[in-house]
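Asks: My questions all concern the structure below.
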Amino acid sequence: MIYVILSLALFFSILLILGYYAKKKSVDTTEDYFLAGRSFGPVVLFFSLVATNFSAFTFLGFAGKSYASGFGQYGIMAFGTGFMAISFYLIGRKVWQLGKKNGYITPAELVGKQLNSKVLRYMFMGVLIIFTIPYLATQAIGAGFLIMQLTESMISWQFGAVATMIVLMVYTFFGGMRGSGWTDVLQGVLMITALILAFIFVSQGLGGIATANTLSIEKVPSLFSRPGLDGYFTIQIWFSFMILWLFADPMFPQLFSRFYTAKNEKSLKTTMFLYPLTVAIVFFIPVVIGVWAHGAGLILSAAETDMVLPQMVRLFAPEGIYLFVMIGALAALMSTADSQLLSLATMFSHDLPFKKKSNEVKRGKIFIFLLVIGAILFILLGYDPSEGIMGTLVKSTFSGLAVLFPTVFAVLYWKRTTALACILSILVGEASIIVFELNLVPSFGFLPAIWSVISATFTLIVVCLVQYKIKGTNA
Amino acid sequence: MNNNWFRGKQNRMLILLGFILALIFICSIDFWNWNSSSLGFLGFPIWIWYVMILTLILSIVYYLIIAYYWRNNTL
């Protein structure tokens, strides 16, 4: 047990040291603290986008879902995410250019200022915050459970969650975006190495790759075809996920903000080229291990499926590798959480109408502190973010953010776009999520997010054209 | 004239790459493979290799977009 505690302490210490060095390298300006002075080269930007986008869901959730449903999980995640990388060209390139030209710091600032509308800016910011805060709380709790599992309940999940939040608060507080980016590189490398090691040891333990597949297909053949073990992967669901990530992922504030941090367009180009290559390989591993768990005879209840990958590694790998893989999972989770924390603090500090503009960095640091205190209070008061209104928000995060895509795309590409059209598009899109979530209207087997994006796009186009026509008539 | 020729060539390239990208997306909705569990290399389902190859082809298409269409500072 002492090795576990020492390894965790070492991992946390390295993150804190990176945060400290990032602070030493930084100057106290808004652009430097929140965007690392727009200085991320190809390597840092690539790992930063990978580590920020690949959360605990990638590491643990994929394996859990493939255990429950089968290989179909690989298709919707790998191709869908690879296809999403075209947004680095469609959205990222323009965002980077406009950010550099006009000094934009946040997503809402770009949208609001391009159309000269404060209402749109605050509404856009509000949607981003509403769907990001509950997600941050779930990351904290996820970290707690990982540490509890790793220490065999010697450390409670509450203590683990609080300790993780404090560590990521400290390095984000001091290092800002530079600290977040540098730690992302370490966390990304750890995460990918941990997955490769997990694959090697589990496949060897099962007698080789082909044997592992044979064992699983003999026990549960439906894992190897679609719609899968639980019938989840229908053609409509498949189509929905293939296109969903393109709309949702670039709208995550922690990813959108990363577009501003690129040193030049070469950084974005390299990342776009490498992204599909990376997801094609990295996403394969957790999905395969989840399927192989059936062949290994692992029986898990629905509530336990997310721990299938650690359990498989524990069965087939030495203790040290298990420890490394668990720290890899923690790294995946922390890299997403620190980026969410920083992007939330940036929006609170930069987008809200404070009178003194000069204290933005100081204010951002205060918000980082307050957000972490808030998350810790939630944890200590026993609040469960997977239930109630917060639970609904977490479940509908992707839909809620995907609705913003038509607005961003129109602001970047369509000269007839108006602020009113964007505001109505967001309102109609978000309202349609509620309508579909409550099953008031049939979704014909597609994800509600697809209908919400269609509703938002339709509203935006119609309102713009009507306004254009009215303007033309009056002229 | 040279400039027009270049812009025309660029637009043709964009249309071609956009068409290829759309084709790859359509190919990813492989309804013809539904309910199939035929095994291929290393005992994985053939359709899994199909999805992986499509994802890797995306990288090649992105490379072509970067190399032939993405011009710096086009704002």
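In the structure tokens, the first chain shown is A, the next is B, and so on; residue numbers restart at 1 for each chain, and ligands run from 1 in the order shown.
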Per residue of chain B within 6 Å of chain A, record the nearest atom pair and its distance in Å to one decimal, counting only C-alpha atoms, with rows in chain order and ascending residue number, as a Markdown table.
Replies:
```
| residue | atom | partner | partner_atom | distance |
| --- | --- | --- | --- | --- |
| B:Trp34 | CA | A:Arg226 | CA | 5.6 |
| B:Asn35 | CA | A:Arg226 | CA | 5.3 |
| B:Ser36 | CA | A:Ser225 | CA | 5.5 |
| B:Ser37 | CA | A:Ser225 | CA | 4.8 |
| B:Leu42 | CA | A:Ala210 | CA | 4.7 |
| B:Gly43 | CA | A:Ala210 | CA | 5.0 |
| B:Met52 | CA | A:Ala280 | CA | 5.8 |
| B:Thr55 | CA | A:Phe79 | CA | 5.2 |
| B:Leu56 | CA | A:Leu277 | CA | 5.7 |
| B:Ser59 | CA | A:Phe273 | CA | 5.3 |
| B:Tyr62 | CA | A:Phe273 | CA | 5.6 |
| B:Tyr63 | CA | A:Phe273 | CA | 5.7 |
```
Asks: Using DSSP assignments from the backbone, pull out every residue in chain B that falls under helix (DSSP H, G or I) and give it to me as a PyMOL selection string.
Replies: chain B and resi 2-28+31-33+41-43+46-69
Asks: Could you tell me how far atom CA of A:Phe348 lies from atom CA of A:Ala56, in Å and to one decimal?
Replies: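 Answer for the atom CA of A:Phe348 to atom CA of A:Ala56 separation: 25.5 Å.
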Asks: For A:Leu438, work out the shell of residues within 12 Å, counting only C-alpha atoms and skipping chain neighbours fewer than 4 positions away, then give it as a ChimeraX atom specification.
Replies: /A:392,396,431-434,442-443,448
Asks: Generate the output file for the selected residues, C-alpha atoms, as a short mmCIF file (atom, residue, chain, number, x, y, z; two decimals), in the first residue's frame.
Replies:
```cif
data_model
loop_
_atom_site.label_atom_id
_atom_site.label_comp_id
_atom_site.auth_asym_id
_atom_site.auth_seq_id
_atom_site.Cartn_x
_atom_site.Cartn_y
_atom_site.Cartn_z
CA THR A 392 -29.99 15.82 -16.44
CA SER A 396 -27.60 16.36 -22.00
CA ALA A 431 -35.91 24.10 -25.90
CA SER A 432 -36.03 21.27 -28.41
CA ILE A 433 -33.68 19.22 -26.20
CA ILE A 434 -36.23 19.41 -23.39
CA PRO A 442 -40.76 11.20 -31.40
CA SER A 443 -37.05 11.17 -32.27
CA PRO A 448 -32.19 14.17 -29.56
#
```
